[in-house]
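Chemist: structure-v1.cif is reproduced below (mmCIF, C-alpha atoms).
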```cif
data_structure
#
loop_
_atom_site.group_PDB
_atom_site.id
_atom_site.type_symbol
_atom_site.label_atom_id
_atom_site.label_comp_id
_atom_site.auth_asym_id
_atom_site.auth_seq_id
_atom_site.Cartn_x
_atom_site.Cartn_y
_atom_site.Cartn_z
ATOM 1 C CA MET A 1 6.888 -20.367 14.601
ATOM 2 C CA LYS A 2 4.023 -21.783 16.542
ATOM 3 C CA SER A 3 4.500 -19.442 19.503
ATOM 4 C CA HIS A 4 1.091 -17.773 19.528
ATOM 5 C CA HIS A 5 -1.271 -16.441 16.923
ATOM 6 C CA PRO A 6 -4.078 -13.890 17.038
ATOM 7 C CA THR A 7 -7.467 -14.723 18.549
ATOM 8 C CA LYS A 8 -10.792 -14.623 16.716
ATOM 9 C CA LYS A 9 -11.747 -11.515 18.666
ATOM 10 C CA LEU A 10 -8.605 -9.708 17.544
ATOM 11 C CA PHE A 11 -9.345 -10.557 13.883
ATOM 12 C CA VAL A 12 -12.842 -9.092 14.186
ATOM 13 C CA PHE A 13 -11.418 -6.013 15.900
ATOM 14 C CA VAL A 14 -8.860 -5.528 13.091
ATOM 15 C CA TRP A 15 -11.642 -5.911 10.503
ATOM 16 C CA LEU A 16 -13.709 -3.246 12.284
ATOM 17 C CA ALA A 17 -10.711 -0.896 12.303
ATOM 18 C CA LEU A 18 -10.175 -1.547 8.565
ATOM 19 C CA VAL A 19 -13.818 -0.807 7.709
ATOM 20 C CA MET A 20 -13.790 2.316 9.889
ATOM 21 C CA MET A 21 -10.666 3.564 8.150
ATOM 22 C CA HIS A 22 -12.275 2.854 4.784
ATOM 23 C CA PHE A 23 -15.142 5.196 5.663
ATOM 24 C CA MET A 24 -12.691 7.791 6.986
ATOM 25 C CA ILE A 25 -10.963 7.700 3.587
ATOM 26 C CA LEU A 26 -14.301 7.922 1.796
ATOM 27 C CA GLY A 27 -15.544 10.774 4.018
ATOM 28 C CA SER A 28 -12.356 12.784 3.728
ATOM 29 C CA ALA A 29 -12.596 12.569 -0.062
ATOM 30 C CA TYR A 30 -15.672 14.814 0.033
ATOM 31 C CA LEU A 31 -14.206 17.429 2.410
ATOM 32 C CA ASN A 32 -11.863 20.069 1.107
ATOM 33 C CA LEU A 33 -8.952 19.864 3.520
ATOM 34 C CA GLY A 34 -6.519 21.595 1.178
ATOM 35 C CA PHE A 35 -3.089 20.016 1.039
ATOM 36 C CA VAL A 36 -4.080 17.552 3.793
ATOM 37 C CA ASN A 37 -6.451 15.484 1.606
ATOM 38 C CA THR A 38 -3.885 13.502 -0.353
ATOM 39 C CA PRO A 39 -1.460 12.635 2.501
ATOM 40 C CA LEU A 40 -4.396 11.785 4.809
ATOM 41 C CA ILE A 41 -5.848 9.260 2.352
ATOM 42 C CA LEU A 42 -2.424 7.727 1.681
ATOM 43 C CA VAL A 43 -1.522 7.486 5.383
ATOM 44 C CA LEU A 44 -4.859 5.799 6.166
ATOM 45 C CA ALA A 45 -4.343 3.324 3.288
ATOM 46 C CA VAL A 46 -0.820 2.541 4.540
ATOM 47 C CA VAL A 47 -2.144 1.967 8.092
ATOM 48 C CA GLN A 48 -4.777 -0.377 6.627
ATOM 49 C CA MET A 49 -2.008 -2.241 4.800
ATOM 50 C CA LEU A 50 0.107 -2.522 7.954
ATOM 51 C CA LEU A 51 -2.867 -3.894 9.917
ATOM 52 C CA ILE A 52 -3.467 -6.569 7.266
ATOM 53 C CA LEU A 53 0.247 -7.418 7.111
ATOM 54 C CA ALA A 54 0.653 -7.596 10.872
ATOM 55 C CA TYR A 55 -2.522 -9.460 11.864
ATOM 56 C CA PHE A 56 -4.305 -11.139 8.921
ATOM 57 C CA MET A 57 -0.972 -12.164 7.373
ATOM 58 C CA GLU A 58 0.409 -12.756 10.856
ATOM 59 C CA ALA A 59 3.725 -11.056 10.052
ATOM 60 C CA ARG A 60 3.772 -9.895 13.660
ATOM 61 C CA TYR A 61 3.920 -13.498 14.802
ATOM 62 C CA SER A 62 6.331 -14.737 12.124
ATOM 63 C CA ALA A 63 10.028 -15.579 12.195
ATOM 64 C CA LYS A 64 12.637 -12.859 11.573
ATOM 65 C CA LEU A 65 13.461 -14.430 8.200
ATOM 66 C CA ILE A 66 9.892 -13.751 7.057
ATOM 67 C CA TRP A 67 10.235 -10.137 8.197
ATOM 68 C CA ILE A 68 13.333 -9.784 6.054
ATOM 69 C CA ALA A 69 11.647 -11.334 2.999
ATOM 70 C CA ALA A 70 8.605 -9.055 3.402
ATOM 71 C CA ALA A 71 10.740 -5.965 3.993
ATOM 72 C CA ALA A 72 12.873 -6.820 0.933
ATOM 73 C CA GLY A 73 9.809 -6.476 -1.313
ATOM 74 C CA PHE A 74 9.174 -2.956 -0.065
ATOM 75 C CA PHE A 75 12.873 -2.087 -0.159
ATOM 76 C CA TRP A 76 13.115 -3.007 -3.841
ATOM 77 C CA LEU A 77 9.904 -1.099 -4.487
ATOM 78 C CA LEU A 78 11.563 1.941 -2.920
ATOM 79 C CA ILE A 79 14.587 1.559 -5.215
ATOM 80 C CA GLN A 80 12.301 1.188 -8.239
ATOM 81 C CA TRP A 81 10.383 4.342 -7.310
ATOM 82 C CA ILE A 82 13.275 6.543 -6.164
ATOM 83 C CA LEU A 83 15.461 5.883 -9.198
ATOM 84 C CA THR A 84 12.608 6.413 -11.656
ATOM 85 C CA LEU A 85 11.174 9.480 -9.928
ATOM 86 C CA SER A 86 14.613 11.052 -9.553
ATOM 87 C CA ASP A 87 14.514 11.320 -13.327
ATOM 88 C CA TYR A 88 10.870 12.148 -14.065
ATOM 89 C CA LEU A 89 10.221 14.580 -11.221
ATOM 90 C CA MET A 90 13.303 16.598 -12.148
ATOM 91 C CA ARG A 91 12.327 17.178 -15.764
ATOM 92 C CA GLN A 92 11.690 20.876 -15.146
ATOM 93 C CA TRP A 93 11.188 21.625 -18.824
ATOM 94 C CA HIS A 94 8.017 19.553 -18.952
ATOM 95 C CA MET B 1 4.861 -37.437 12.658
ATOM 96 C CA LYS B 2 1.117 -37.000 12.322
ATOM 97 C CA GLU B 3 -0.825 -38.062 9.265
ATOM 98 C CA ASN B 4 -0.909 -35.408 6.487
ATOM 99 C CA SER B 5 2.347 -33.852 7.626
ATOM 100 C CA ILE B 6 4.669 -35.794 5.357
ATOM 101 C CA VAL B 7 8.122 -34.271 5.464
ATOM 102 C CA ALA B 8 10.088 -34.218 2.192
ATOM 103 C CA ASP B 9 13.623 -35.644 2.165
ATOM 104 C CA GLN B 10 15.388 -32.299 2.059
ATOM 105 C CA PHE B 11 13.862 -31.092 5.338
ATOM 106 C CA GLU B 12 14.814 -31.914 8.915
ATOM 107 C CA ASN B 13 11.264 -31.723 10.197
ATOM 108 C CA ALA B 14 7.754 -30.419 9.520
ATOM 109 C CA GLN B 15 8.498 -27.022 11.047
ATOM 110 C CA GLN B 16 11.488 -26.423 8.800
ATOM 111 C CA GLN B 17 9.423 -27.507 5.800
ATOM 112 C CA SER B 18 6.652 -25.106 6.708
ATOM 113 C CA GLU B 19 9.109 -22.227 7.251
ATOM 114 C CA ALA B 20 10.687 -22.863 3.846
ATOM 115 C CA ALA B 21 7.240 -22.778 2.213
ATOM 116 C CA HIS B 22 6.404 -19.513 4.007
ATOM 117 C CA LEU B 23 9.683 -17.966 2.876
ATOM 118 C CA GLY B 24 8.908 -18.993 -0.711
ATOM 119 C CA MET B 25 5.449 -17.429 -0.537
ATOM 120 C CA TRP B 26 6.748 -14.161 0.925
ATOM 121 C CA THR B 27 9.411 -14.039 -1.801
ATOM 122 C CA PHE B 28 6.673 -14.498 -4.401
ATOM 123 C CA ILE B 29 4.694 -11.688 -2.726
ATOM 124 C CA ALA B 30 7.812 -9.470 -2.945
ATOM 125 C CA THR B 31 7.814 -9.995 -6.737
ATOM 126 C CA GLU B 32 4.101 -9.171 -6.779
ATOM 127 C CA ILE B 33 4.795 -5.932 -4.891
ATOM 128 C CA LEU B 34 7.224 -4.972 -7.666
ATOM 129 C CA PHE B 35 4.770 -6.095 -10.358
ATOM 130 C CA PHE B 36 2.007 -3.796 -9.122
ATOM 131 C CA GLY B 37 4.642 -1.286 -7.957
ATOM 132 C CA GLY B 38 5.580 -0.578 -11.578
ATOM 133 C CA LEU B 39 1.977 0.317 -12.380
ATOM 134 C CA PHE B 40 1.615 2.492 -9.279
ATOM 135 C CA LEU B 41 4.833 4.204 -10.344
ATOM 136 C CA ALA B 42 3.385 4.866 -13.802
ATOM 137 C CA TYR B 43 0.350 6.360 -12.044
ATOM 138 C CA ILE B 44 2.557 8.688 -9.952
ATOM 139 C CA VAL B 45 4.571 9.870 -12.966
ATOM 140 C CA TYR B 46 1.551 10.528 -15.203
ATOM 141 C CA ARG B 47 -0.409 12.140 -12.389
ATOM 142 C CA HIS B 48 2.544 14.473 -11.902
ATOM 143 C CA PHE B 49 2.633 15.417 -15.604
ATOM 144 C CA TYR B 50 -1.123 15.557 -16.256
ATOM 145 C CA PHE B 51 -2.507 16.547 -12.875
ATOM 146 C CA THR B 52 -5.629 18.451 -13.976
ATOM 147 C CA GLU B 53 -6.509 15.731 -16.497
ATOM 148 C CA PHE B 54 -6.149 13.062 -13.801
ATOM 149 C CA VAL B 55 -8.346 15.044 -11.410
ATOM 150 C CA ALA B 56 -11.018 15.432 -14.099
ATOM 151 C CA ALA B 57 -10.852 11.754 -15.027
ATOM 152 C CA SER B 58 -10.898 10.353 -11.484
ATOM 153 C CA LYS B 59 -14.264 11.983 -10.809
ATOM 154 C CA HIS B 60 -15.764 9.599 -13.358
ATOM 155 C CA THR B 61 -14.962 6.378 -11.495
ATOM 156 C CA GLU B 62 -17.915 5.005 -9.538
ATOM 157 C CA VAL B 63 -17.300 5.432 -5.810
ATOM 158 C CA LEU B 64 -20.358 3.417 -4.793
ATOM 159 C CA PHE B 65 -19.136 0.299 -6.624
ATOM 160 C CA GLY B 66 -15.638 0.925 -5.286
ATOM 161 C CA THR B 67 -16.862 1.184 -1.699
ATOM 162 C CA ILE B 68 -19.042 -1.925 -1.925
ATOM 163 C CA ASN B 69 -16.070 -3.847 -3.306
ATOM 164 C CA SER B 70 -13.726 -2.527 -0.616
ATOM 165 C CA ILE B 71 -16.061 -3.745 2.129
ATOM 166 C CA ILE B 72 -16.504 -7.093 0.329
ATOM 167 C CA LEU B 73 -12.736 -7.641 0.042
ATOM 168 C CA LEU B 74 -11.945 -6.496 3.590
ATOM 169 C CA THR B 75 -14.631 -8.862 4.877
ATOM 170 C CA SER B 76 -13.273 -11.693 2.721
ATOM 171 C CA SER B 77 -9.863 -11.124 4.323
ATOM 172 C CA LEU B 78 -11.507 -11.551 7.722
ATOM 173 C CA THR B 79 -13.240 -14.790 6.701
ATOM 174 C CA MET B 80 -9.953 -16.038 5.194
ATOM 175 C CA ALA B 81 -8.088 -15.281 8.428
ATOM 176 C CA LEU B 82 -10.838 -17.103 10.328
ATOM 177 C CA ALA B 83 -10.472 -20.165 8.061
ATOM 178 C CA VAL B 84 -6.745 -20.332 8.852
ATOM 179 C CA HIS B 85 -7.530 -19.724 12.525
ATOM 180 C CA ALA B 86 -10.041 -22.608 12.497
ATOM 181 C CA ALA B 87 -7.356 -24.922 11.071
ATOM 182 C CA LYS B 88 -4.841 -23.894 13.724
ATOM 183 C CA GLU B 89 -7.453 -24.521 16.420
ATOM 184 C CA ASN B 90 -8.366 -27.884 14.846
ATOM 185 C CA TYR B 91 -12.007 -26.887 14.167
ATOM 186 C CA ARG B 92 -12.069 -28.836 10.905
ATOM 187 C CA LEU B 93 -15.690 -28.215 9.957
ATOM 188 C CA GLN B 94 -15.314 -24.447 10.349
ATOM 189 C CA ILE B 95 -12.429 -24.336 7.851
ATOM 190 C CA SER B 96 -14.742 -25.273 4.960
ATOM 191 C CA ARG B 97 -17.442 -22.856 6.091
ATOM 192 C CA TRP B 98 -15.128 -19.846 6.280
ATOM 193 C CA LEU B 99 -13.463 -20.818 2.995
ATOM 194 C CA ALA B 100 -16.810 -21.150 1.226
ATOM 195 C CA LEU B 101 -17.804 -17.712 2.524
ATOM 196 C CA THR B 102 -14.486 -16.244 1.335
ATOM 197 C CA ILE B 103 -15.047 -17.728 -2.147
ATOM 198 C CA PHE B 104 -18.597 -16.337 -2.191
ATOM 199 C CA LEU B 105 -17.280 -12.863 -1.311
ATOM 200 C CA GLY B 106 -14.604 -13.129 -4.006
ATOM 201 C CA LEU B 107 -17.281 -13.983 -6.579
ATOM 202 C CA ALA B 108 -19.412 -11.084 -5.331
ATOM 203 C CA PHE B 109 -16.418 -8.775 -5.811
ATOM 204 C CA LEU B 110 -16.045 -9.887 -9.440
ATOM 205 C CA ALA B 111 -19.781 -9.520 -10.055
ATOM 206 C CA VAL B 112 -19.779 -5.937 -8.735
ATOM 207 C CA LYS B 113 -16.654 -5.184 -10.767
ATOM 208 C CA GLY B 114 -18.441 -6.550 -13.856
ATOM 209 C CA LEU B 115 -21.416 -4.235 -13.275
ATOM 210 C CA GLU B 116 -19.020 -1.340 -12.826
ATOM 211 C CA TYR B 117 -17.126 -2.197 -16.039
ATOM 212 C CA HIS B 118 -20.474 -2.311 -17.858
ATOM 213 C CA ASP B 119 -21.275 1.228 -16.654
ATOM 214 C CA ASP B 120 -17.752 2.402 -17.525
ATOM 215 C CA ILE B 121 -18.154 1.141 -21.081
ATOM 216 C CA GLU B 122 -21.602 2.785 -21.348
ATOM 217 C CA ASN B 123 -20.086 6.038 -20.076
ATOM 218 C CA LYS B 124 -17.412 5.909 -22.812
ATOM 219 C CA LEU B 125 -14.509 5.593 -20.438
ATOM 220 C CA VAL B 126 -12.527 3.138 -22.559
ATOM 221 C CA PRO B 127 -9.470 4.897 -24.054
ATOM 222 C CA GLY B 128 -9.512 5.074 -27.836
ATOM 223 C CA ALA B 129 -11.688 6.379 -30.630
ATOM 224 C CA HIS B 130 -14.923 6.233 -28.604
ATOM 225 C CA PHE B 131 -13.609 7.912 -25.455
ATOM 226 C CA ASP B 132 -15.871 10.541 -23.871
ATOM 227 C CA PRO B 133 -15.075 13.705 -25.929
ATOM 228 C CA SER B 134 -16.033 16.014 -23.028
ATOM 229 C CA LEU B 135 -12.977 14.814 -21.076
ATOM 230 C CA PRO B 136 -9.458 16.110 -21.804
ATOM 231 C CA ALA B 137 -7.493 13.832 -24.143
ATOM 232 C CA GLN B 138 -4.786 12.962 -21.586
ATOM 233 C CA SER B 139 -7.370 11.673 -19.121
ATOM 234 C CA GLN B 140 -7.289 8.580 -21.329
ATOM 235 C CA ILE B 141 -3.955 7.813 -19.644
ATOM 236 C CA PHE B 142 -5.791 7.719 -16.301
ATOM 237 C CA PHE B 143 -8.326 5.313 -17.727
ATOM 238 C CA TRP B 144 -5.639 3.215 -19.376
ATOM 239 C CA LEU B 145 -4.175 2.780 -15.872
ATOM 240 C CA TYR B 146 -7.652 2.228 -14.397
ATOM 241 C CA TRP B 147 -8.444 -0.635 -16.778
ATOM 242 C CA THR B 148 -4.982 -2.186 -16.578
ATOM 243 C CA MET B 149 -4.654 -2.044 -12.805
ATOM 244 C CA THR B 150 -8.196 -3.101 -11.897
ATOM 245 C CA GLY B 151 -8.085 -5.708 -14.695
ATOM 246 C CA LEU B 152 -4.848 -7.247 -13.437
ATOM 247 C CA HIS B 153 -6.236 -7.104 -9.917
ATOM 248 C CA ALA B 154 -9.402 -8.907 -11.043
ATOM 249 C CA ILE B 155 -7.207 -11.591 -12.660
ATOM 250 C CA HIS B 156 -5.462 -11.975 -9.296
ATOM 251 C CA VAL B 157 -8.832 -12.342 -7.568
ATOM 252 C CA THR B 158 -9.800 -14.985 -10.149
ATOM 253 C CA VAL B 159 -6.554 -16.906 -9.585
ATOM 254 C CA GLY B 160 -7.145 -16.572 -5.827
ATOM 255 C CA LEU B 161 -10.630 -18.064 -6.251
ATOM 256 C CA GLY B 162 -9.070 -21.042 -8.042
ATOM 257 C CA VAL B 163 -6.571 -21.515 -5.224
ATOM 258 C CA LEU B 164 -9.250 -21.144 -2.546
ATOM 259 C CA SER B 165 -11.529 -23.636 -4.331
ATOM 260 C CA THR B 166 -8.675 -26.150 -4.265
ATOM 261 C CA MET B 167 -8.215 -25.427 -0.547
ATOM 262 C CA LEU B 168 -11.938 -25.972 -0.018
ATOM 263 C CA LEU B 169 -11.720 -29.396 -1.684
ATOM 264 C CA LEU B 170 -8.721 -30.303 0.491
ATOM 265 C CA ALA B 171 -10.458 -29.016 3.610
ATOM 266 C CA ARG B 172 -13.512 -31.141 2.844
ATOM 267 C CA LYS B 173 -11.194 -34.137 2.628
ATOM 268 C CA GLU B 174 -10.020 -33.162 6.122
ATOM 269 C CA LYS B 175 -6.459 -32.513 4.963
ATOM 270 C CA PHE B 176 -5.936 -29.560 7.290
ATOM 271 C CA SER B 177 -5.466 -29.580 11.038
ATOM 272 C CA ALA B 178 -3.506 -27.835 13.773
ATOM 273 C CA ASN B 179 -0.500 -29.939 12.725
ATOM 274 C CA TYR B 180 -0.717 -29.357 9.006
ATOM 275 C CA ASN B 181 -2.158 -26.209 7.430
ATOM 276 C CA THR B 182 0.681 -24.726 5.342
ATOM 277 C CA PRO B 183 -1.134 -24.688 1.932
ATOM 278 C CA LEU B 184 -4.175 -23.036 3.522
ATOM 279 C CA THR B 185 -2.037 -20.450 5.339
ATOM 280 C CA LEU B 186 -0.100 -19.626 2.153
ATOM 281 C CA ALA B 187 -3.321 -19.316 0.147
ATOM 282 C CA GLY B 188 -4.423 -16.864 2.842
ATOM 283 C CA LEU B 189 -1.251 -14.798 2.447
ATOM 284 C CA TYR B 190 -1.947 -14.461 -1.280
ATOM 285 C CA TRP B 191 -5.581 -13.498 -0.692
ATOM 286 C CA HIS B 192 -4.643 -10.820 1.853
ATOM 287 C CA PHE B 193 -2.026 -9.441 -0.526
ATOM 288 C CA VAL B 194 -4.671 -9.069 -3.238
ATOM 289 C CA ASP B 195 -6.808 -7.216 -0.679
ATOM 290 C CA ILE B 196 -3.915 -4.815 0.077
ATOM 291 C CA VAL B 197 -3.507 -4.007 -3.641
ATOM 292 C CA TRP B 198 -7.201 -3.115 -3.792
ATOM 293 C CA LEU B 199 -6.857 -0.670 -0.863
ATOM 294 C CA PHE B 200 -4.424 1.392 -2.913
ATOM 295 C CA LEU B 201 -6.426 1.056 -6.123
ATOM 296 C CA PHE B 202 -9.449 2.410 -4.281
ATOM 297 C CA ALA B 203 -7.453 5.268 -2.754
ATOM 298 C CA LEU B 204 -5.759 6.332 -6.000
ATOM 299 C CA LEU B 205 -8.442 5.649 -8.620
ATOM 300 C CA TYR B 206 -11.635 6.454 -6.737
ATOM 301 C CA VAL B 207 -11.148 9.009 -3.984
ATOM 302 C CA ILE B 208 -7.842 10.853 -3.977
ATOM 303 C CA SER B 209 -8.877 13.770 -6.226
ATOM 304 C CA ARG B 210 -12.568 13.802 -5.528
ATOM 305 C CA HIS B 211 -12.582 16.915 -3.311
ATOM 306 C CA LYS B 212 -11.051 19.163 -5.982
#
```
Represent the structure contained in this file as structure tokens.
Modeler:
Amino acid sequence: MKSHHPTKKLFVFVWLALVMMHFMILGSAYLNLGFVNTPLILVLAVVQMLLILAYFMEARYSAKLIWIAAAAGFFWLLIQWILTLSDYLMRQWH
Amino acid sequence: MKENSIVADQFENAQQQSEAAHLGMWTFIATEILFFGGLFLAYIVYRHFYFTEFVAASKHTEVLFGTINSIILLTSSLTMALAVHAAKENYRLQISRWLALTIFLGLAFLAVKGLEYHDDIENKLVPGAHFDPSLPAQSQIFFWLYWTMTGLHAIHVTVGLGVLSTMLLLARKEKFSANYNTPLTLAGLYWHFVDIVWLFLFALLYVISRHK
């Protein structure tokens, strides 16, 4: 587990990327990009999440077991969402 | 074995003990993902059914407060990561400094959120009898989600502040070092998770429908 962990410089760099992406999200919210607006904001938020997971939470430097535990959370989330949405999104009469 | 790294009977060594603790924390975070996941799911379903009402409602959240709080939380994640980094590098004095700064930023987040809630109440954005009559009725569902999700998030920040304060006390007693920093690292994992939840709250409640 103690192989290597990120440097101070890398943390600051990740923070800068996160803040930059925040302003990209904010800026894009005021531009009408048609159908691109929603996916763009969501993709940027997911990239922000992945950066935090990988570097601040050091998942990138963690044991495989930790990867599995972290992935399991998202996997169950996927099940929760897919099963529920497969009902609600198909209620055509609504 | 170094001081402070007492290994419990059931573990072979300090590394195994630390890995077990990490696994426990990540498992807890997985349950937290599902906890907030249910609310995000409710958001998706209701946004699908009442799209125009959600668009109308989401223009009434205060982007300025949301942005200030996003920067505050992202920065607090950096200072938290630096506190853990300081422990791993054995810079004991720096641990307390970064932790204190993280706690300060967490308090600032709650203060800004409080100001925002005050404005929201003034602007009649609380669902119920006194809800802003100029907004469509179903936009109350958006604001029900807004209050519930940001409220639960604020509770998580408050719990995090309690945990971080405990870590600060331990750090001041020089409990953490390169050899032993598991509680501090796990507290960091929780704090970063709370930051991640906010990223999606900001995206979905403040900006996603603003251009329409």
Chemist: Using all atoms listed in the file, determine which residues of chain B fall within 7 Å of chain A; present them as a list in words.
Modeler: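 Interface list for chain B against chain A: Leu23, Trp26, Thr27, Ala30, Thr31, Ile33, Leu34, Gly37, Leu41, Val45, Ile71, Leu74, Leu78, Ala81, Leu82, Leu189, His192, Ile196, Leu199, Phe200, Ala203, Val207, Ile208, Arg210 and His211 of chain B.
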Chemist: Could you pull out every residue with an atom within 7 Å of (-2.9, -25.8, 13.0), file coordinates, counting all atoms listed in the file, and send them as a list in words?
Modeler: Ala87, Lys88, Glu89, Asn90, Ser177, Ala178, Asn179, Tyr180 and Asn181 of chain B
Chemist: Here's the selection I'm unsure about, the PyMOL selection byres ((chain B and resi 164) around 9); applied to the file above, which residues does it give, as number ranges by chain?
Modeler: B: 99-100, 102-103, 159-163, 165-169, 184, 187-188, 191
Chemist: Using atom CA of B:Leu170 and atom CA of B:Ser70 as the two end points, give the distance in Å to one decimal.
Modeler: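 Answer for the atom CA of B:Leu170 to atom CA of B:Ser70 separation: 28.2 Å.
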Chemist: Work out how far apart atom CA of B:Val7 and atom CA of B:Ser96 are and give it in Å to one decimal.
Modeler: 24.6 Å
Chemist: What does the structure give for the distance between atom CA of B:Ala171 and atom CA of A:Ala17, in Å to one decimal?
Modeler: 29.4 Å
Chemist: B:Ile121, B:Leu115, B:Leu64, B:Val126: which is nearest B:Leu145, counting all atoms listed in the file?
Modeler: B:Val126
Chemist: Would you translate the PyMOL selection byres ((chain B and resi 63) around 10) into the concrete set of residues it matches in this file, as a PyMOL selection string?
Modeler: (chain A and resi 26) or (chain B and resi 58-62+64-69+116+202+205-207+210)
Chemist: Selection from above, C-alpha atoms, as a JSON list (two decimals), in the frame of the given file, can you write it?
Modeler:
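Output saved as again-v3.json:
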```json
[["chain", "number", "residue", "atom", "x", "y", "z"],
["A", 26, "LEU", "CA", -14.30, 7.92, 1.80],
["B", 58, "SER", "CA", -10.90, 10.35, -11.48],
["B", 59, "LYS", "CA", -14.26, 11.98, -10.81],
["B", 60, "HIS", "CA", -15.76, 9.60, -13.36],
["B", 61, "THR", "CA", -14.96, 6.38, -11.50],
["B", 62, "GLU", "CA", -17.92, 5.00, -9.54],
["B", 64, "LEU", "CA", -20.36, 3.42, -4.79],
["B", 65, "PHE", "CA", -19.14, 0.30, -6.62],
["B", 66, "GLY", "CA", -15.64, 0.92, -5.29],
["B", 67, "THR", "CA", -16.86, 1.18, -1.70],
["B", 68, "ILE", "CA", -19.04, -1.92, -1.92],
["B", 69, "ASN", "CA", -16.07, -3.85, -3.31],
["B", 116, "GLU", "CA", -19.02, -1.34, -12.83],
["B", 202, "PHE", "CA", -9.45, 2.41, -4.28],
["B", 205, "LEU", "CA", -8.44, 5.65, -8.62],
["B", 206, "TYR", "CA", -11.64, 6.45, -6.74],
["B", 207, "VAL", "CA", -11.15, 9.01, -3.98],
["B", 210, "ARG", "CA", -12.57, 13.80, -5.53]]
```
Chemist: Which residues fall under the PyMOL selection byres ((chain B and resi 147) around 12) in this file, as a VMD selection string?
Modeler: chain B and resid 39 61 113 to 114 116 to 117 120 to 121 125 to 127 140 to 146 148 to 155 201 205
